[in-house]
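input.txt follows (compact mmCIF, C-alpha atoms):
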```
# COMPACT_ATOMS: atom_id res chain seq x y z
CA MET P 1 69.75 -7.90 29.17
CA LYS P 2 68.63 -9.68 26.01
CA LEU P 3 66.05 -11.60 28.05
CA ILE P 4 64.57 -8.38 29.41
CA CYS P 5 64.32 -6.85 25.92
CA TRP P 6 62.62 -9.95 24.53
CA SER P 7 60.16 -9.94 27.43
CA ARG P 8 59.26 -6.32 26.71
CA PHE P 9 58.87 -7.12 23.00
CA VAL P 10 56.45 -9.96 23.70
CA LYS P 11 54.53 -7.83 26.19
CA ASN P 12 54.09 -5.03 23.61
CA LEU P 13 53.15 -7.47 20.86
CA LEU P 14 50.52 -9.34 22.87
CA PRO P 15 47.71 -6.70 22.55
CA CYS P 16 48.23 -6.57 18.78
CA PHE P 17 48.08 -10.35 18.57
CA LEU P 18 44.85 -10.45 20.60
CA LEU P 19 43.27 -7.72 18.42
CA LEU P 20 44.24 -9.56 15.23
CA THR P 21 42.74 -12.80 16.60
CA LEU P 22 39.49 -11.01 17.46
CA LEU P 23 39.22 -9.49 13.98
CA LEU P 24 39.80 -12.87 12.36
CA CYS P 25 37.07 -14.44 14.52
CA LEU P 26 34.60 -11.70 13.65
CA ASN P 27 35.41 -12.03 9.96
CA ASN P 28 34.92 -15.79 10.04
CA ALA P 29 31.63 -15.37 11.88
CA ALA P 30 30.43 -12.91 9.26
CA LEU P 31 31.38 -15.25 6.45
CA SER P 32 29.70 -18.24 8.07
CA SER P 33 26.47 -16.45 9.07
CA PRO P 34 23.63 -16.48 6.52
CA ALA P 35 23.05 -13.31 4.49
CA VAL P 36 20.00 -11.20 5.24
CA LYS P 37 17.31 -12.73 3.07
CA ASP P 38 14.96 -10.89 0.78
CA LEU P 39 11.38 -10.34 2.01
CA PRO P 40 12.17 -11.30 5.64
CA SER P 41 8.55 -11.02 6.82
CA TRP P 42 7.45 -13.61 4.25
CA ARG P 43 7.55 -17.26 5.21
CA GLU P 44 9.18 -19.73 2.86
CA GLY P 45 6.55 -21.06 0.49
CA HIS P 46 4.83 -20.67 -2.85
CA ALA P 47 3.82 -17.01 -2.43
CA ARG P 48 7.28 -15.74 -1.57
CA GLN P 49 8.96 -17.94 -4.14
CA SER P 50 6.63 -16.86 -6.93
CA ILE P 51 7.65 -13.24 -6.33
CA ILE P 52 11.36 -14.03 -6.28
CA ASP P 53 11.15 -16.26 -9.37
CA PHE P 54 9.24 -13.60 -11.29
CA VAL P 55 11.63 -10.79 -10.39
CA LYS P 56 14.64 -12.93 -11.27
CA ALA P 57 13.12 -13.90 -14.62
CA VAL P 58 12.29 -10.37 -15.76
CA THR P 59 15.54 -8.79 -14.57
CA SER P 60 18.00 -11.44 -15.81
CA ALA P 61 19.24 -12.01 -19.35
CA GLY P 62 16.90 -14.46 -21.05
CA PRO P 63 13.58 -14.80 -22.85
CA ASP P 64 11.60 -13.13 -20.01
CA PHE P 65 13.88 -10.11 -19.60
CA VAL P 66 12.01 -6.80 -19.35
CA LYS P 67 13.65 -3.42 -19.88
CA PRO P 68 13.65 -1.23 -16.73
CA GLU P 69 11.32 1.35 -18.27
CA ASP P 70 8.68 -1.37 -18.73
CA ARG P 71 8.94 -2.76 -15.21
CA ILE P 72 5.68 -1.27 -13.96
CA ALA P 73 4.04 -2.63 -10.80
CA VAL P 74 0.63 -1.43 -9.61
CA PHE P 75 -0.76 -1.80 -6.10
CA ASP P 76 -4.23 -1.37 -4.71
CA ASN P 77 -4.13 0.46 -1.37
CA ASP P 78 -7.07 -0.50 0.87
CA GLY P 79 -6.62 -4.08 2.06
CA THR P 80 -3.47 -4.54 -0.04
CA LEU P 81 -1.03 -2.06 1.46
CA TRP P 82 -2.85 -1.08 4.64
CA CYS P 83 -5.73 -2.27 6.80
CA GLU P 84 -9.18 -1.50 5.37
CA ALA P 85 -11.34 -3.18 8.04
CA PRO P 86 -13.63 -2.67 9.83
CA ILE P 87 -14.30 0.52 7.85
CA TYR P 88 -12.47 2.06 4.92
CA PRO P 89 -10.20 4.84 6.24
CA GLN P 90 -11.53 7.14 3.50
CA LEU P 91 -15.06 6.70 4.83
CA GLN P 92 -13.88 7.30 8.40
CA PHE P 93 -12.24 10.50 7.19
CA ALA P 94 -15.55 11.58 5.63
CA ILE P 95 -17.43 10.81 8.86
CA ASP P 96 -14.98 12.83 10.95
CA ARG P 97 -15.16 15.69 8.46
CA ALA P 98 -18.97 15.64 8.55
CA LYS P 99 -18.95 16.00 12.33
CA GLN P 100 -16.70 19.04 12.04
CA LEU P 101 -18.67 20.67 9.22
CA VAL P 102 -22.07 20.57 10.93
CA VAL P 103 -20.67 22.59 13.83
CA ASP P 104 -20.24 25.57 11.50
CA LYS P 105 -23.16 24.73 9.22
CA PRO P 106 -25.90 22.81 11.10
CA SER P 107 -28.16 22.72 8.03
CA LEU P 108 -25.89 20.06 6.52
CA ALA P 109 -27.28 17.61 9.08
CA GLU P 110 -30.53 17.64 7.11
CA LEU P 111 -28.83 15.56 4.43
CA PRO P 112 -29.42 11.85 5.22
CA PRO P 113 -25.80 10.70 4.68
CA VAL P 114 -24.44 13.56 6.77
CA ALA P 115 -26.98 12.88 9.52
CA ALA P 116 -25.96 9.22 9.57
CA ALA P 117 -22.27 10.17 9.65
CA VAL P 118 -22.74 12.55 12.56
CA LYS P 119 -24.47 9.76 14.51
CA GLY P 120 -21.74 7.31 13.52
CA ASP P 121 -24.44 5.05 12.10
CA LEU P 122 -22.55 2.88 9.63
CA ALA P 123 -25.61 0.74 8.95
CA ALA P 124 -27.57 3.81 7.87
CA ILE P 125 -24.74 4.99 5.62
CA THR P 126 -24.52 1.54 4.03
CA ALA P 127 -28.29 1.42 3.55
CA LEU P 128 -28.08 4.61 1.47
CA GLY P 129 -26.00 2.70 -1.07
CA PRO P 130 -23.29 4.08 -3.38
CA LYS P 131 -25.31 7.21 -4.11
CA GLY P 132 -25.48 8.12 -0.42
CA THR P 133 -21.78 7.46 0.06
CA LEU P 134 -20.90 9.63 -2.94
CA GLU P 135 -23.10 12.42 -1.56
CA LEU P 136 -21.28 12.22 1.78
CA LEU P 137 -17.91 12.34 0.04
CA ALA P 138 -19.02 15.26 -2.12
CA VAL P 139 -20.04 17.31 0.92
CA THR P 140 -16.95 16.53 2.97
CA HIS P 141 -14.30 16.61 0.23
CA SER P 142 -15.20 19.80 -1.66
CA GLY P 143 -15.74 23.53 -1.25
CA MET P 144 -12.06 24.30 -0.67
CA THR P 145 -8.85 24.64 -2.61
CA THR P 146 -6.65 21.63 -3.28
CA GLU P 147 -4.01 23.09 -0.94
CA GLN P 148 -6.55 23.47 1.87
CA PHE P 149 -7.79 19.94 1.37
CA SER P 150 -4.26 18.55 1.36
CA GLN P 151 -3.61 20.23 4.70
CA ILE P 152 -6.87 18.88 6.16
CA ALA P 153 -6.06 15.39 4.91
CA ASP P 154 -2.51 15.55 6.25
CA ASP P 155 -3.71 16.70 9.68
CA TRP P 156 -6.26 13.90 9.83
CA ILE P 157 -3.92 11.12 8.74
CA ARG P 158 -1.38 12.17 11.36
CA LYS P 159 -3.91 12.20 14.22
CA ALA P 160 -6.59 9.61 13.40
CA GLN P 161 -6.22 6.14 14.90
CA HIS P 162 -7.42 2.73 13.83
CA PRO P 163 -10.40 1.74 16.04
CA ARG P 164 -8.99 -1.67 16.93
CA PHE P 165 -5.23 -1.22 17.02
CA LYS P 166 -5.27 2.28 18.55
CA ARG P 167 -2.44 3.38 16.30
CA PRO P 168 -2.25 5.84 13.41
CA TYR P 169 -3.56 4.36 10.17
CA THR P 170 -0.09 4.74 8.69
CA ASP P 171 1.20 2.34 11.37
CA CYS P 172 -1.35 -0.21 10.16
CA VAL P 173 0.41 -0.84 6.86
CA TYR P 174 1.48 -4.36 6.02
CA GLN P 175 5.16 -4.93 6.72
CA PRO P 176 5.48 -7.71 4.10
CA MET P 177 4.08 -5.38 1.44
CA LEU P 178 6.47 -2.59 2.40
CA GLU P 179 9.29 -5.10 1.93
CA LEU P 180 7.82 -6.08 -1.43
CA LEU P 181 7.68 -2.46 -2.61
CA SER P 182 11.32 -1.99 -1.65
CA TYR P 183 12.36 -5.31 -3.21
CA LEU P 184 10.76 -4.40 -6.54
CA ARG P 185 12.32 -0.94 -6.60
CA GLN P 186 15.73 -2.44 -5.86
CA HIS P 187 15.29 -4.44 -9.07
CA GLY P 188 14.40 -1.50 -11.27
CA PHE P 189 10.61 -1.48 -10.94
CA LYS P 190 8.53 1.67 -10.78
CA THR P 191 5.74 1.26 -8.25
CA TYR P 192 2.32 2.90 -8.46
CA ILE P 193 -0.77 2.98 -6.28
CA VAL P 194 -3.99 2.38 -8.23
CA SER P 195 -6.84 2.55 -5.74
CA GLY P 196 -10.51 3.39 -5.42
CA GLY P 197 -9.64 5.72 -2.54
CA GLY P 198 -9.50 9.47 -2.94
CA VAL P 199 -6.32 10.45 -4.73
CA GLU P 200 -5.59 13.53 -2.62
CA LEU P 201 -5.96 11.71 0.69
CA MET P 202 -3.54 8.99 -0.45
CA ARG P 203 -1.07 11.51 -1.79
CA SER P 204 -0.89 13.13 1.64
CA PHE P 205 0.96 10.11 3.05
CA SER P 206 2.12 7.94 0.13
CA GLN P 207 5.67 9.30 -0.03
CA ARG P 208 6.55 9.00 3.65
CA THR P 209 4.63 5.75 4.20
CA TYR P 210 5.27 3.75 1.03
CA GLY P 211 8.06 5.63 -0.72
CA ILE P 212 5.65 6.29 -3.60
CA ALA P 213 5.68 9.83 -4.97
CA PRO P 214 2.35 11.70 -5.25
CA GLU P 215 2.52 11.68 -9.05
CA GLN P 216 2.60 7.87 -8.92
CA VAL P 217 -0.74 7.69 -7.10
CA ILE P 218 -3.90 7.09 -9.13
CA GLY P 219 -7.22 7.27 -7.33
CA SER P 220 -10.79 8.50 -7.44
CA SER P 221 -11.16 12.25 -7.86
CA CYS P 222 -13.64 15.09 -7.88
CA LYS P 223 -13.93 17.78 -10.52
CA LEU P 224 -11.55 20.73 -10.19
CA ARG P 225 -11.71 24.34 -11.35
CA PHE P 226 -8.87 26.78 -11.82
CA GLU P 227 -9.41 30.39 -10.84
CA MET P 228 -7.49 33.55 -9.91
CA VAL P 229 -8.37 35.04 -6.53
CA ASP P 230 -6.82 38.36 -5.54
CA GLY P 231 -4.13 37.79 -8.15
CA LYS P 232 -3.26 34.34 -6.84
CA PRO P 233 -3.84 31.08 -8.76
CA GLN P 234 -5.79 28.33 -7.05
CA ILE P 235 -7.59 25.12 -7.87
CA LEU P 236 -11.00 24.63 -6.27
CA ARG P 237 -12.50 21.24 -5.45
CA LEU P 238 -16.09 20.90 -6.72
CA PRO P 239 -18.84 18.62 -5.30
CA GLU P 240 -18.93 16.47 -8.44
CA VAL P 241 -17.25 13.18 -9.21
CA GLN P 242 -14.61 13.32 -11.93
CA PHE P 243 -13.31 9.75 -11.95
CA VAL P 244 -13.94 6.57 -9.94
CA ASP P 245 -10.77 4.47 -9.92
CA ASP P 246 -12.34 1.13 -9.04
CA ARG P 247 -13.19 -2.09 -10.87
CA GLU P 248 -13.17 -1.39 -14.65
CA GLY P 249 -11.99 2.12 -13.88
CA LYS P 250 -8.57 0.87 -12.78
CA PRO P 251 -7.29 -0.24 -16.20
CA VAL P 252 -8.65 3.02 -17.63
CA GLY P 253 -6.76 5.00 -14.98
CA ILE P 254 -3.58 3.04 -15.65
CA GLN P 255 -3.78 3.73 -19.36
CA GLU P 256 -4.65 7.38 -18.89
CA PHE P 257 -2.11 8.26 -16.23
CA ILE P 258 0.75 5.78 -16.74
CA GLY P 259 0.50 4.96 -20.43
CA ARG P 260 2.20 1.58 -20.04
CA ARG P 261 0.62 -1.76 -19.23
CA PRO P 262 1.97 -3.14 -15.92
CA ILE P 263 3.75 -6.47 -15.69
CA ALA P 264 2.84 -6.94 -12.01
CA ALA P 265 -0.41 -6.18 -10.18
CA PHE P 266 -1.28 -6.58 -6.50
CA GLY P 267 -4.78 -6.45 -5.03
CA ASN P 268 -7.09 -8.05 -2.51
CA SER P 269 -10.68 -7.80 -3.76
CA ASP P 270 -13.09 -8.01 -6.66
CA GLY P 271 -12.47 -4.29 -7.12
CA ASP P 272 -8.99 -5.24 -8.34
CA LEU P 273 -10.10 -7.96 -10.74
CA ALA P 274 -10.06 -5.80 -13.88
CA MET P 275 -6.60 -4.47 -13.01
CA LEU P 276 -5.29 -8.02 -12.58
CA GLN P 277 -6.89 -9.10 -15.85
CA PHE P 278 -5.40 -6.10 -17.66
CA THR P 279 -1.94 -6.90 -16.27
CA CYS P 280 -1.98 -10.68 -16.60
CA CYS P 281 -3.68 -11.17 -19.94
CA ASN P 282 -3.11 -14.41 -21.84
CA ASP P 283 -1.19 -12.74 -24.67
CA ARG P 284 2.12 -14.59 -24.49
CA SER P 285 3.79 -12.05 -26.75
CA ARG P 286 3.74 -9.67 -23.79
CA GLY P 287 6.02 -11.96 -21.81
CA ARG P 288 5.84 -12.90 -18.17
CA SER P 289 3.56 -11.20 -15.64
CA LEU P 290 2.68 -11.54 -11.96
CA GLY P 291 -0.77 -11.24 -10.43
CA LEU P 292 -1.03 -11.45 -6.64
CA ILE P 293 -3.99 -11.30 -4.28
CA VAL P 294 -3.75 -10.71 -0.53
CA HIS P 295 -6.29 -13.05 1.11
CA HIS P 296 -7.30 -11.88 4.57
CA THR P 297 -7.27 -15.05 6.67
CA ASP P 298 -5.83 -13.86 9.99
CA ALA P 299 -8.53 -12.84 12.46
CA GLU P 300 -6.04 -12.83 15.33
CA ARG P 301 -3.43 -10.43 13.95
CA GLU P 302 -5.74 -8.56 11.57
CA TYR P 303 -9.12 -9.67 10.10
CA ALA P 304 -10.49 -12.68 8.24
CA TYR P 305 -12.93 -12.04 5.39
CA ASP P 306 -13.48 -12.76 1.71
CA ARG P 307 -16.72 -13.67 -0.10
CA VAL P 308 -19.14 -12.09 2.37
CA SER P 309 -17.80 -8.76 3.58
CA MET P 310 -18.71 -5.10 3.80
CA VAL P 311 -15.12 -4.19 2.89
CA GLY P 312 -12.81 -5.74 0.33
CA ARG P 313 -15.15 -8.46 -0.87
CA LEU P 314 -13.10 -11.20 -2.50
CA ASP P 315 -15.32 -13.58 -4.44
CA LYS P 316 -15.00 -13.69 -8.22
CA ALA P 317 -11.35 -12.60 -8.13
CA LEU P 318 -10.53 -15.50 -5.81
CA ASP P 319 -12.05 -17.96 -8.28
CA GLU P 320 -10.24 -16.31 -11.19
CA ALA P 321 -6.95 -16.46 -9.32
CA LYS P 322 -7.20 -20.23 -8.94
CA LYS P 323 -8.26 -20.64 -12.55
CA LEU P 324 -5.57 -18.41 -14.06
CA GLY P 325 -2.69 -19.25 -11.74
CA TRP P 326 -2.36 -15.94 -9.93
CA THR P 327 -0.57 -16.02 -6.59
CA VAL P 328 -2.88 -15.94 -3.56
CA VAL P 329 -1.23 -14.88 -0.33
CA ASP P 330 -2.62 -16.57 2.77
CA MET P 331 -2.05 -13.80 5.31
CA LYS P 332 -2.07 -16.19 8.25
CA GLY P 333 0.18 -18.78 6.67
CA ASP P 334 2.50 -16.72 4.44
CA TRP P 335 3.41 -13.77 6.65
CA ASN P 336 5.66 -13.90 9.73
CA ARG P 337 4.23 -10.58 10.75
CA VAL P 338 1.38 -8.45 9.50
CA PHE P 339 2.36 -5.04 10.88
CA ALA P 340 5.76 -3.68 11.85
CA PHE P 341 4.60 -3.62 15.47
CA ASP P 342 3.87 -7.38 15.42
CA HIS P 343 6.38 -9.92 16.70
CA ASP P 344 7.52 -12.56 14.23
CA GLN P 345 5.41 -15.72 14.42
```
Can you give me the file's structure in the form of structure tokens?
Amino acid sequence: MKLICWSRFVKNLLPCFLLLTLLLCLNNAALSSPAVKDLPSWREGHARQSIIDFVKAVTSAGPDFVKPEDRIAVFDNDGTLWCEAPIYPQLQFAIDRAKQLVVDKPSLAELPPVAAAVKGDLAAITALGPKGTLELLAVTHSGMTTEQFSQIADDWIRKAQHPRFKRPYTDCVYQPMLELLSYLRQHGFKTYIVSGGGVELMRSFSQRTYGIAPEQVIGSSCKLRFEMVDGKPQILRLPEVQFVDDREGKPVGIQEFIGRRPIAAFGNSDGDLAMLQFTCCNDRSRGRSLGLIVHHTDAEREYAYDRVSMVGRLDKALDEAKKLGWTVVDMKGDWNRVFAFDHDQ
């Protein structure tokens, strides 16, 4: 009788013993496996390490510690956060808008930049120079309320596709830079976009794509006018340039809209040089700073260009980076993947 009872006891205990053994094995496996590393799409090397060392220095007790309210990081958009080649998305938006506008108002096609846009003649648009481009932007980005423009921009960004990758432009954002944005915010940084692109177009997708609120986006803008129409308030977009947030305009925009000098700046072209200089000045009393340039070197997964390019020309800023010790990211060598849809390499 005692033998039978013992047999039943062992039989009932066996499942519990097996479950306990399994839990112990899983726990040991978890303890022995490596933790998920920071910046997983960045290869081990100088670029990744310079970011980690900087963040550790300014967030840890010591001579380089920076209070959270002063941890400001500014990012260019085109070519730094998303793909800008072979044509700036903002310009493609203007071209698509021009094609729509001439359907309702054919006389617009008499304007040289609009005529070139309707034909899709990029060479002709480029030949018109900055003045022609500004005229095209003025025609296609004005004559409506800010709410109407925001809806137009949102519709376009959701439907338009990159000509090479055949995906929405918001899929063509750089996975390593998304990780960097998140990594900085996890360590108390406030992240801003400071770009030459149109501010309203960027605001239409910045929150859902980058986790950057619209009020933390600084960009080029047109003049606005407030008016009451049928008892309702509205802001009208005018065909005049208010502010160009590029080159020397970037530090001005930072001062005007943020009011604090950044301690970290990220760009990819000569258009970002002034912003990098403003952030990484040689005044040691300001403490430690980080300047980083994304160098497009990967023609297979994205594009390769620098000193001679129609988009994102990187010439003087590349020389300054080497001279002043800024971090230069070799896209081909430093990133495991460029886009989220890439496989790790």
Need the shell around Ala127 (chain P): protein/DNA/RNA residues with any atom at most 12 Å away, counting only C-alpha atoms. Skip same-chain ones fewer than 3 positions apart. Format as number ranges by chain? P: 112-113, 116, 121-124, 130-133, 310
Extract, using only C-alpha atoms, all DNA, RNA and protein residues at most 10 Å from region 51-53 of chain P, discarding same-chain residues fewer than 6 positions from it, and format them as an MDAnalysis selection string. chainID P and resid 38:39 180 183:184 264 290:292 327
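Nearest to Phe65 (chain P) of all the residues P:Arg286, P:Arg337, P:Lys322, P:Arg313 is P:Arg286, based on only C-alpha atoms.
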Need to verify the contact set: Ala115 (chain P), 10 Å, only C-alpha atoms, exclusion of same-chain residues closer than 5 positions in sequence. Can you return it as an MDAnalysis selection string? chainID P and resid 95 98:99 102 108:110 120:121 124:125 136
Among the residues P:Pro176, P:Gly231, P:Pro239, P:Gly196, the one that comes closest to Met275 (chain P) [using all atoms listed in the file]: P:Gly196
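With only C-alpha atoms as the atoms that count, the residue of P:Trp326, P:Phe75, P:Tyr305, P:Phe149 with the shortest distance to Lys190 (chain P) is P:Phe75.
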I need the residue nearest Pro86 (chain P) from this list: P:Cys281, P:Ala321, P:Ala304, P:Trp156. Use only C-alpha atoms for the distance. P:Ala304
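Reported to one decimal place, the separation of CA of Leu91 (chain P) from CA of Val338 (chain P) is 22.8 Å.
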Go through P:Pro163, P:Gly287, P:Gly249, P:Gly259 one by one, measure the shortest atom-to-atom distance of each to Val58 (chain P) using only C-alpha atoms, and give the residue with the smallest value. P:Gly287
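Checking P:Val66, P:Ala265, P:Cys222, P:Leu178 one by one against Leu137 (chain P), counting all atoms listed in the file, you find the shortest gap at P:Cys222.
Relative to CA of Arg43 (chain P), CA of Asn336 (chain P) is found at 5.9 Å.
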Atom pair CA of Asp171 (chain P) + CA of Trp335 (chain P), distance 16.9 Å
Counting all atoms listed in the file, which residues come within 9 Å of (-15.2, 22.4, -4.6), with the point read in the file's coordinates, and could you list them as a PyMOL selection string? chain P and resi 138-139+141-146+222-225+235-240
Using only C-alpha atoms, please write the residues we just selected to a file, as a PDB file, in the frame of the given file.
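Result written to result-v9.pdb:
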```
ATOM      1  CA  ALA P 138     -19.020  15.260  -2.120  1.00  0.00           C
ATOM      2  CA  VAL P 139     -20.040  17.310   0.920  1.00  0.00           C
ATOM      3  CA  HIS P 141     -14.300  16.610   0.230  1.00  0.00           C
ATOM      4  CA  SER P 142     -15.200  19.800  -1.660  1.00  0.00           C
ATOM      5  CA  GLY P 143     -15.740  23.530  -1.250  1.00  0.00           C
ATOM      6  CA  MET P 144     -12.060  24.300  -0.670  1.00  0.00           C
ATOM      7  CA  THR P 145      -8.850  24.640  -2.610  1.00  0.00           C
ATOM      8  CA  THR P 146      -6.650  21.630  -3.280  1.00  0.00           C
ATOM      9  CA  CYS P 222     -13.640  15.090  -7.880  1.00  0.00           C
ATOM     10  CA  LYS P 223     -13.930  17.780 -10.520  1.00  0.00           C
ATOM     11  CA  LEU P 224     -11.550  20.730 -10.190  1.00  0.00           C
ATOM     12  CA  ARG P 225     -11.710  24.340 -11.350  1.00  0.00           C
ATOM     13  CA  ILE P 235      -7.590  25.120  -7.870  1.00  0.00           C
ATOM     14  CA  LEU P 236     -11.000  24.630  -6.270  1.00  0.00           C
ATOM     15  CA  ARG P 237     -12.500  21.240  -5.450  1.00  0.00           C
ATOM     16  CA  LEU P 238     -16.090  20.900  -6.720  1.00  0.00           C
ATOM     17  CA  PRO P 239     -18.840  18.620  -5.300  1.00  0.00           C
ATOM     18  CA  GLU P 240     -18.930  16.470  -8.440  1.00  0.00           C
TER      19      GLU P 240
END
```
Excluding Ala274 (chain P) and residues on its chain fewer than 3 positions from it, collect all residues at most 10 Å away from it, counting all atoms listed in the file, and give them as a list in words. Asp246, Arg247, Glu248, Gly249, Lys250, Pro251, Val252, Asp270, Gly271, Gln277, Phe278, Thr279, Cys280 and Ala317 of chain P
What are the centre and edge lengths in Å, to one decimal, of the axis-aligned box around all listed atoms of region 293-309 of chain P with 8 Å added on each side, as AutoDock Vina command-line options?
```
--center_x -11.3 --center_y -11.8 --center_z 5.5 --size_x 31.7 --size_y 22.5 --size_z 35.6
```
So which residues touch Thr191 (chain P) within 7 Å, counting all atoms listed in the file, skipping near sequence neighbours fewer than 4 positions away, as a list in words? Ile72, Ala73, Val74 and Ile212 of chain P
